[in-house]
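Undergrad: For reference, the file my_file30.cif (mmCIF, C-alpha atoms) is included below:
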```
data_final
loop_
_atom_site.label_atom_id
_atom_site.label_comp_id
_atom_site.auth_asym_id
_atom_site.auth_seq_id
_atom_site.Cartn_x
_atom_site.Cartn_y
_atom_site.Cartn_z
CA MET A 1 2.62 -30.26 -76.90
CA ALA A 2 1.26 -27.18 -78.53
CA LYS A 3 -1.34 -27.06 -75.77
CA GLY A 4 1.31 -27.35 -73.15
CA HIS A 5 3.38 -24.69 -74.77
CA GLY A 6 0.37 -22.43 -75.01
CA ARG A 7 -0.28 -22.81 -71.30
CA LYS A 8 3.31 -22.07 -70.54
CA HIS A 9 3.18 -18.99 -72.70
CA ARG A 10 -0.03 -17.80 -71.03
CA HIS A 11 1.57 -18.47 -67.73
CA GLY A 12 4.46 -16.26 -68.71
CA VAL A 13 2.07 -13.49 -69.72
CA GLY A 14 0.16 -13.89 -66.49
CA LYS A 15 3.34 -13.55 -64.48
CA LYS A 16 4.35 -10.29 -66.06
CA PRO A 17 1.83 -8.00 -64.29
CA SER A 18 3.03 -9.16 -60.87
CA LEU A 19 6.36 -7.54 -61.60
CA ASP A 20 5.59 -4.34 -63.46
CA ALA A 21 1.88 -3.62 -63.20
CA VAL A 22 0.16 -1.50 -60.56
CA ARG A 23 0.18 -3.01 -57.10
CA ASN A 24 -3.26 -3.14 -55.65
CA ASP A 25 -2.45 -2.75 -51.94
CA ILE A 26 -2.43 0.72 -50.35
CA ASN A 27 0.98 2.17 -49.70
CA VAL A 28 0.73 3.04 -46.01
CA THR A 29 4.28 4.32 -45.59
CA PRO A 30 3.36 8.03 -46.05
CA LEU A 31 0.42 7.55 -43.65
CA VAL A 32 2.72 6.07 -41.03
CA ASP A 33 5.19 8.90 -41.58
CA VAL A 34 2.54 11.58 -41.12
CA VAL A 35 0.98 9.92 -38.09
CA LEU A 36 4.34 9.41 -36.40
CA VAL A 37 5.29 13.03 -37.00
CA LEU A 38 1.91 14.17 -35.59
CA LEU A 39 2.44 11.92 -32.59
CA ILE A 40 5.88 13.38 -31.93
CA ILE A 41 4.51 16.93 -32.31
CA PHE A 42 1.80 16.21 -29.76
CA MET A 43 4.23 14.56 -27.35
CA VAL A 44 6.50 17.58 -27.51
CA VAL A 45 3.77 20.21 -27.35
CA THR A 46 1.65 18.70 -24.55
CA PRO A 47 4.05 19.61 -21.67
CA LEU A 48 4.46 23.09 -23.12
CA MET A 49 0.72 23.61 -23.07
CA ALA A 50 0.66 24.03 -19.27
CA ARG A 51 -0.61 27.48 -18.55
CA GLY A 52 1.01 30.18 -16.50
CA HIS A 53 4.60 30.68 -15.44
CA GLU A 54 6.16 27.33 -14.69
CA VAL A 55 7.03 26.73 -11.04
CA PRO A 56 7.60 23.50 -9.10
CA LEU A 57 4.25 22.72 -7.48
CA PRO A 58 3.52 20.94 -4.21
CA ARG A 59 2.36 17.35 -4.63
CA THR A 60 -0.97 16.05 -3.35
CA HIS A 61 -3.04 12.88 -3.37
CA ASN A 62 -6.50 14.28 -2.74
CA HIS A 63 -6.78 17.00 -5.33
CA SER A 64 -9.65 17.35 -7.71
CA SER A 65 -8.77 17.02 -11.37
CA LYS A 66 -10.88 19.40 -13.34
CA LYS A 67 -10.77 20.29 -16.97
CA ASP A 68 -9.05 23.56 -17.62
CA ALA A 69 -11.76 26.22 -17.38
CA HIS A 70 -9.34 28.81 -18.77
CA GLN A 71 -9.64 30.94 -15.68
CA PRO A 72 -6.84 33.45 -15.05
CA VAL A 73 -3.61 31.88 -13.78
CA VAL A 74 -1.52 33.71 -11.22
CA ALA A 75 1.88 32.35 -10.29
CA ILE A 76 4.42 33.28 -7.63
CA ASP A 77 7.98 32.06 -7.88
CA GLN A 78 11.02 31.49 -5.65
CA ASN A 79 11.83 35.20 -5.37
CA GLY A 80 8.27 36.22 -4.61
CA ASP A 81 7.76 37.62 -8.11
CA VAL A 82 4.16 37.50 -9.20
CA TYR A 83 3.16 36.43 -12.70
CA TYR A 84 -0.12 36.83 -14.52
CA ASP A 85 -0.19 33.89 -16.93
CA LYS A 86 3.39 34.11 -18.29
CA GLU A 87 3.79 37.85 -17.85
CA LYS A 88 6.05 38.91 -14.99
CA LEU A 89 4.58 41.60 -12.77
CA GLY A 90 7.27 41.67 -10.10
CA GLN A 91 7.13 41.79 -6.31
CA LEU A 92 3.77 42.16 -4.66
CA ASN A 93 3.10 45.85 -4.02
CA PRO A 94 0.15 48.18 -4.64
CA GLY A 95 1.33 48.80 -8.22
CA THR A 96 1.56 45.07 -9.01
CA ILE A 97 -1.80 44.40 -7.40
CA ASP A 98 -3.31 47.08 -9.59
CA ARG A 99 -1.87 45.54 -12.76
CA LEU A 100 -2.91 42.10 -11.58
CA ARG A 101 -6.45 43.29 -11.00
CA THR A 102 -6.61 44.82 -14.49
CA SER A 103 -5.23 41.67 -16.12
CA VAL A 104 -7.46 39.28 -14.19
CA GLN A 105 -10.49 41.44 -14.92
CA ARG A 106 -9.59 41.35 -18.62
CA GLY A 107 -9.36 37.55 -18.39
CA TRP A 108 -12.80 37.38 -16.80
CA ASP A 109 -14.25 39.73 -19.40
CA GLU A 110 -12.92 37.53 -22.19
CA ARG A 111 -14.46 34.43 -20.62
CA PRO A 112 -17.40 35.55 -18.50
CA GLU A 113 -18.10 31.98 -17.35
CA THR A 114 -14.83 32.02 -15.37
CA THR A 115 -15.65 35.19 -13.45
CA GLY A 116 -14.64 34.81 -9.84
CA MET A 117 -12.35 31.87 -10.59
CA ILE A 118 -8.62 32.03 -10.22
CA TYR A 119 -5.83 29.45 -10.35
CA VAL A 120 -2.84 30.10 -8.15
CA LYS A 121 0.46 28.39 -8.84
CA ALA A 122 2.87 28.90 -5.99
CA GLN A 123 6.37 27.47 -5.80
CA SER A 124 6.48 24.53 -3.41
CA ASN A 125 9.43 25.70 -1.27
CA LEU A 126 8.24 29.26 -0.85
CA ALA A 127 7.39 30.31 2.72
CA TYR A 128 3.73 30.78 3.59
CA GLY A 129 4.52 34.33 4.70
CA LYS A 130 5.31 35.19 1.06
CA ILE A 131 2.13 33.66 -0.31
CA TYR A 132 -0.34 34.81 2.34
CA PRO A 133 -0.23 38.46 1.17
CA LEU A 134 -0.99 37.30 -2.40
CA LEU A 135 -3.94 35.18 -1.27
CA LEU A 136 -5.12 38.02 0.92
CA SER A 137 -4.87 40.48 -1.93
CA ILE A 138 -6.68 38.11 -4.32
CA ASN A 139 -9.45 37.93 -1.74
CA GLU A 140 -9.60 41.58 -0.82
CA ASP A 141 -8.65 43.38 -4.01
CA LEU A 142 -10.03 40.96 -6.57
CA GLY A 143 -13.00 39.82 -4.52
CA VAL A 144 -12.34 36.10 -5.02
CA SER A 145 -13.63 33.93 -2.19
CA SER A 146 -12.67 30.52 -3.54
CA ILE A 147 -9.12 30.12 -4.78
CA ASP A 148 -7.91 27.08 -6.70
CA LEU A 149 -4.40 26.14 -5.67
CA ALA A 150 -2.34 24.35 -8.27
CA THR A 151 -0.82 21.03 -7.25
CA ALA A 152 0.93 18.20 -9.00
CA GLU A 153 0.21 14.49 -8.80
CA ALA A 154 2.04 12.90 -5.88
CA LYS A 155 4.46 10.20 -6.94
CA GLU A 156 4.12 6.90 -5.17
CA MET B 157 11.77 -14.38 -62.72
CA GLY B 158 13.69 -16.25 -60.09
CA ILE B 159 12.97 -13.54 -57.52
CA SER B 160 9.29 -13.60 -58.19
CA ALA B 161 9.18 -17.25 -57.22
CA GLY B 162 9.05 -16.30 -53.51
CA GLY B 163 6.23 -13.87 -54.19
CA LYS B 164 3.87 -16.59 -55.31
CA SER B 165 0.69 -16.69 -53.32
CA GLY B 166 1.11 -19.09 -50.44
CA GLY B 167 4.83 -18.47 -50.14
CA PRO B 168 6.27 -16.54 -47.17
CA LYS B 169 5.90 -12.76 -47.51
CA SER B 170 9.09 -10.82 -47.13
CA GLU B 171 7.40 -7.51 -46.12
CA ILE B 172 6.95 -6.48 -42.51
CA ASN B 173 3.31 -6.39 -41.48
CA ILE B 174 2.92 -2.80 -40.33
CA THR B 175 -0.83 -2.93 -39.69
CA PRO B 176 -0.44 -3.49 -35.91
CA LEU B 177 2.09 -0.64 -35.77
CA VAL B 178 -0.34 1.69 -37.50
CA ASP B 179 -3.09 0.57 -35.13
CA VAL B 180 -1.00 1.26 -32.03
CA VAL B 181 0.25 4.61 -33.30
CA LEU B 182 -3.25 5.77 -34.25
CA VAL B 183 -4.59 4.78 -30.85
CA LEU B 184 -1.73 6.68 -29.15
CA LEU B 185 -2.49 9.68 -31.31
CA ILE B 186 -6.14 9.57 -30.34
CA ILE B 187 -5.22 9.27 -26.65
CA PHE B 188 -3.03 12.35 -26.90
CA LEU B 189 -5.74 14.25 -28.79
CA VAL B 190 -8.28 13.40 -26.11
CA THR B 191 -6.04 14.33 -23.18
CA MET B 192 -5.02 17.62 -24.77
CA PRO B 193 -7.52 19.64 -22.72
CA ILE B 194 -5.18 19.55 -19.76
CA MET B 195 -6.56 18.42 -16.47
CA MET B 196 -5.73 20.99 -13.85
CA LYS B 197 -5.00 19.42 -10.51
CA GLN B 198 -6.21 21.68 -7.78
CA VAL B 199 -7.01 22.05 -4.13
CA THR B 200 -9.70 24.61 -3.56
CA LEU B 201 -9.12 27.03 -0.73
CA GLU B 202 -11.99 29.08 0.60
CA VAL B 203 -11.11 32.58 1.63
CA PRO B 204 -14.10 33.75 3.59
CA ARG B 205 -14.75 37.39 4.18
CA LYS B 206 -13.97 38.12 7.76
CA ALA B 207 -17.46 39.35 8.51
CA ASP B 208 -19.07 36.27 6.95
CA THR B 209 -16.86 33.98 8.98
CA ASN B 210 -17.95 35.51 12.22
CA ILE B 211 -21.61 35.27 11.34
CA GLU B 212 -21.34 31.67 10.23
CA ASP B 213 -19.30 30.74 13.26
CA VAL B 214 -21.98 31.81 15.67
CA SER B 215 -25.15 30.86 13.88
CA SER B 216 -25.00 27.71 11.82
CA LEU B 217 -21.70 25.92 11.97
CA GLY B 218 -21.29 25.46 15.69
CA LYS B 219 -17.95 24.09 16.79
CA GLN B 220 -15.34 25.03 14.25
CA ALA B 221 -11.97 23.37 13.86
CA THR B 222 -9.02 25.68 13.41
CA ILE B 223 -5.50 24.44 12.96
CA LEU B 224 -2.27 26.35 13.26
CA VAL B 225 0.88 24.82 11.80
CA ARG B 226 4.24 25.97 13.15
CA PRO B 227 7.58 25.87 11.36
CA ASP B 228 8.77 22.94 13.52
CA GLY B 229 5.87 20.87 12.23
CA THR B 230 3.77 20.95 15.40
CA ILE B 231 0.08 21.60 14.94
CA THR B 232 -2.37 23.19 17.34
CA LEU B 233 -5.99 22.21 16.87
CA SER B 234 -8.48 24.63 18.33
CA ASP B 235 -12.21 24.13 18.61
CA GLY B 236 -12.82 27.69 19.76
CA GLU B 237 -12.58 26.84 23.44
CA LYS B 238 -9.42 24.88 23.98
CA ASP B 239 -6.24 24.22 22.05
CA THR B 240 -4.90 20.72 21.58
CA PRO B 241 -1.41 19.95 20.29
CA VAL B 242 -1.50 17.39 17.48
CA GLN B 243 1.13 15.62 15.44
CA MET B 244 1.01 15.86 11.67
CA THR B 245 0.37 12.12 11.42
CA ASP B 246 -2.56 12.26 13.85
CA LEU B 247 -4.24 15.24 12.23
CA ALA B 248 -6.89 13.24 10.41
CA ALA B 249 -7.80 11.32 13.56
CA ALA B 250 -7.96 14.52 15.62
CA LEU B 251 -10.27 16.18 13.10
CA ARG B 252 -12.59 13.19 12.82
CA PRO B 253 -14.90 14.21 15.72
CA PHE B 254 -15.57 17.55 14.02
CA PHE B 255 -16.96 15.85 10.95
CA ASP B 256 -18.80 12.86 12.39
CA GLY B 257 -22.51 13.28 12.04
CA LYS B 258 -22.17 16.78 10.70
CA THR B 259 -24.65 17.59 7.98
CA THR B 260 -23.76 21.22 7.35
CA THR B 261 -20.69 22.32 5.43
CA LYS B 262 -17.62 20.58 6.72
CA MET B 263 -15.02 23.26 7.02
CA VAL B 264 -11.60 23.49 8.62
CA PHE B 265 -9.91 26.80 9.16
CA VAL B 266 -6.19 26.76 8.61
CA ASP B 267 -3.43 29.11 9.57
CA TYR B 268 0.29 28.76 9.19
CA CYS B 269 3.27 30.54 10.60
CA ASP B 270 5.13 32.59 8.03
CA PRO B 271 8.22 30.36 7.58
CA VAL B 272 6.18 27.19 6.91
CA PRO B 273 7.01 26.07 3.36
CA TRP B 274 4.16 26.05 0.87
CA THR B 275 4.55 22.34 0.23
CA GLN B 276 3.74 21.67 3.91
CA VAL B 277 0.81 24.08 3.73
CA VAL B 278 -0.69 22.20 0.82
CA SER B 279 0.11 18.82 2.35
CA THR B 280 -1.97 19.61 5.46
CA MET B 281 -4.82 20.65 3.17
CA ASP B 282 -4.30 17.36 1.40
CA THR B 283 -4.59 15.49 4.70
CA ILE B 284 -7.78 17.35 5.58
CA ARG B 285 -9.30 16.60 2.19
CA SER B 286 -8.32 12.94 2.46
CA MET B 287 -11.08 12.60 5.07
CA ALA B 288 -13.82 13.34 2.59
CA SER B 289 -15.98 10.31 1.96
CA ASP B 290 -16.71 11.03 -1.67
CA LYS B 291 -14.18 10.74 -4.40
CA ASP B 292 -14.27 14.37 -5.41
CA HIS B 293 -12.81 15.56 -2.07
CA ASP B 294 -14.76 18.81 -2.38
CA GLU B 295 -17.05 17.79 0.45
CA ILE B 296 -14.65 19.19 3.03
CA LYS B 297 -13.76 22.81 2.60
CA VAL B 298 -10.42 24.19 3.65
CA ALA B 299 -10.75 27.83 4.63
CA LEU B 300 -8.02 30.32 5.24
CA LYS B 301 -8.12 31.90 8.65
CA MET B 302 -7.87 35.62 8.21
CA ARG B 303 -5.39 37.27 10.49
CA ASP B 304 -6.02 40.46 12.37
CA LYS B 305 -4.15 43.44 11.08
CA ASP B 306 -1.91 45.78 12.96
CA SER B 307 -2.15 49.56 12.80
CA SER B 308 -0.15 49.75 9.55
CA GLY B 309 -2.39 47.23 7.81
CA ASN B 310 0.07 44.31 7.91
CA PRO B 311 -1.18 40.94 9.11
CA ARG B 312 -0.35 40.33 12.73
CA LEU B 313 1.56 37.27 13.76
CA ASP B 314 1.85 37.66 17.52
CA ASP B 315 -1.74 36.81 18.35
CA VAL B 316 -1.87 33.56 16.41
CA GLY B 317 0.84 31.89 18.48
CA CYS B 318 3.72 31.83 16.04
CA PRO B 319 7.29 32.52 17.02
CA LEU B 320 8.00 36.06 15.89
CA PRO B 321 10.86 36.75 13.52
CA PRO B 322 13.95 38.18 15.25
CA ALA B 323 13.72 41.94 15.51
CA GLN B 324 16.10 43.81 13.27
#
```
Represent the structure contained in this file as structure tokens.

TA:
Amino acid sequence: MAKGHGRKHRHGVGKKPSLDAVRNDINVTPLVDVVLVLLIIFMVVTPLMARGHEVPLPRTHNHSSKKDAHQPVVAIDQNGDVYYDKEKLGQLNPGTIDRLRTSVQRGWDERPETTGMIYVKAQSNLAYGKIYPLLLSINEDLGVSSIDLATAEAKE
Amino acid sequence: MGISAGGKSGGPKSEINITPLVDVVLVLLIIFLVTMPIMMKQVTLEVPRKADTNIEDVSSLGKQATILVRPDGTITLSDGEKDTPVQMTDLAAALRPFFDGKTTTKMVFVDYCDPVPWTQVVSTMDTIRSMASDKDHDEIKVALKMRDKDSSGNPRLDDVGCPLPPAQ
């Protein structure tokens, strides 16, 4: 009887830690919180990371997907305004070309491995007649002989 | 005491097992981290110097395909001697003879009338590049045909066969 009582008492003592004592499994809730917040931050920031002025791009199937070499990005929008990266330069004229040349040269100086590379983002519904002078000027004034034209993935 | 009865080892656990959730979320996070260096999708356009083009034309490249796309969607394919009208859908087939058995640089010169929308410009380049046999599509080069300039230095349209804009 005494033995049985003793066991019961010990049992009671043994039970106590499971209620009040330190739990020995890791509390992952803060980890999950942090990771989820990081995930959301990345999901939000990724589309904003696209370089250059944002314009609707023509869609293609047979493009090459290359890692961003951080070459200068030149964009031309609906109204024919030319942008260097996100900076608006305005309509294509000798003054704009001059500023574009300076900016692009600065970009190449900062990253010498991209010298001679340029990424042109042109709005998909713009007429060729508006873009040809820009391509011509990139060739003649900037001396670029191989222009990368930005495209988007064609939806199936 | 009564509550703890369910917590006995062997009894059903009342907590949600979040381990798979953490696994999935971490993997997603890693995927996003890896894809952060954005892949730039691009079609490379060669813009040859006029002088270079002429030299190459004569010496090494032989017959050179040149296409002109008009605003109504009709395409003229020229091999330097004669012009052939082509439909957009038949462009790849029409260009095929220029590439078959060619070991030097495969290059197509392109020109477009001014009102042709950019999306159509790029889509013809896309068609041309679709003929490349390797996956990288850089095997075939698309080159811009340089237009002659008029006396004031503006590119001329009349000699490429485009309908001229109405005179003001």

Undergrad: Applying 9 Å and all atoms listed in the file, which residues near stretch 183-185 of chain B remain after dropping the ones on its own chain fewer than 5 positions away? List them as a list of chain:residue names.

TA: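 The filter keeps A:Val35, A:Leu36, A:Leu38, A:Leu39, A:Phe42, B:Val178, B:Val190.
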
Undergrad: Using the chain letters and numbers from the file, which residues does the PyMOL selection byres ((chain B) within 7 of (chain A)) grab, as a ChimeraX atom specification?

TA: /B:178,185,188,192-204,268,270-275,278-279,282,285-286,292-293

Undergrad: Those residues you just picked out, can you put them in a file as a compact mmCIF listing (two decimals), keeping the file's coordinate frame with C-alpha atoms?

TA:
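Once everything was written out, this is again08.txt:
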```
# COMPACT_ATOMS: atom_id res chain seq x y z
CA VAL B 178 -0.34 1.69 -37.50
CA LEU B 185 -2.49 9.68 -31.31
CA PHE B 188 -3.03 12.35 -26.90
CA MET B 192 -5.02 17.62 -24.77
CA PRO B 193 -7.52 19.64 -22.72
CA ILE B 194 -5.18 19.55 -19.76
CA MET B 195 -6.56 18.42 -16.47
CA MET B 196 -5.73 20.99 -13.85
CA LYS B 197 -5.00 19.42 -10.51
CA GLN B 198 -6.21 21.68 -7.78
CA VAL B 199 -7.01 22.05 -4.13
CA THR B 200 -9.70 24.61 -3.56
CA LEU B 201 -9.12 27.03 -0.73
CA GLU B 202 -11.99 29.08 0.60
CA VAL B 203 -11.11 32.58 1.63
CA PRO B 204 -14.10 33.75 3.59
CA TYR B 268 0.29 28.76 9.19
CA ASP B 270 5.13 32.59 8.03
CA PRO B 271 8.22 30.36 7.58
CA VAL B 272 6.18 27.19 6.91
CA PRO B 273 7.01 26.07 3.36
CA TRP B 274 4.16 26.05 0.87
CA THR B 275 4.55 22.34 0.23
CA VAL B 278 -0.69 22.20 0.82
CA SER B 279 0.11 18.82 2.35
CA ASP B 282 -4.30 17.36 1.40
CA ARG B 285 -9.30 16.60 2.19
CA SER B 286 -8.32 12.94 2.46
CA ASP B 292 -14.27 14.37 -5.41
CA HIS B 293 -12.81 15.56 -2.07
```

Undergrad: Smallest atom-to-atom distance to A:Glu54: which of A:Gln91, A:Thr102, A:Gln78, A:Thr115, using all atoms listed in the file?

TA: A:Gln78

Undergrad: Please list as a PyMOL selection string every residue within 6 Å of B:Val266, counting only C-alpha atoms and excluding residues in the same chain fewer than 6 positions away.

TA: chain B and resi 222-223+300-301

Undergrad: Hey, what's within 7 Å of B:Val264 if we count only C-alpha atoms and toss same-chain stuff fewer than 3 positions away? As an MDAnalysis selection string, please?

TA: chainID B and resid 220:222 297:299

Undergrad: Using atom CA of B:Lys305 and atom CA of A:Leu92 as the two end points, give the distance in Å to one decimal.

TA: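 Rounded to one decimal, the two atoms are 17.7 Å apart.
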
Undergrad: Run the PyMOL selection byres ((chain B and resi 248) around 10) on the file and write out the hits as a PyMOL selection string.

TA: chain B and resi 242-247+249-253+280+283-287

Undergrad: So which residues fall inside 8 Å of (-1.0, 32.6, -10.7) if we count all atoms listed in the file? Mind giving them as a PyMOL selection string?

TA: chain A and resi 52-53+72-76+82-85+118-122

Undergrad: Which residues would end up in the selection if the PyMOL selection byres ((chain B and resi 230) around 8) were applied here, given that I need the answer as a list in words?

TA: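 Matching residues under the PyMOL selection byres ((chain B and resi 230) around 8) are Val225, Arg226, Pro227, Asp228, Gly229, Ile231, Thr232, Pro241, Val242, Gln243 and Met244 of chain B.
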
Undergrad: Between atom CA of B:Leu177 and atom CA of A:Val37, measure the distance and give it in Å to one decimal.

TA: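 Interatomic distance here is 14.1 Å.
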
Undergrad: Report, in Å to a single decimal, how far apart atom CA of A:Arg101 and atom CA of B:Gln276 are.

TA: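 Atom-to-atom, atom CA of B:Gln276 and atom CA of A:Arg101 are spaced 28.2 Å apart.
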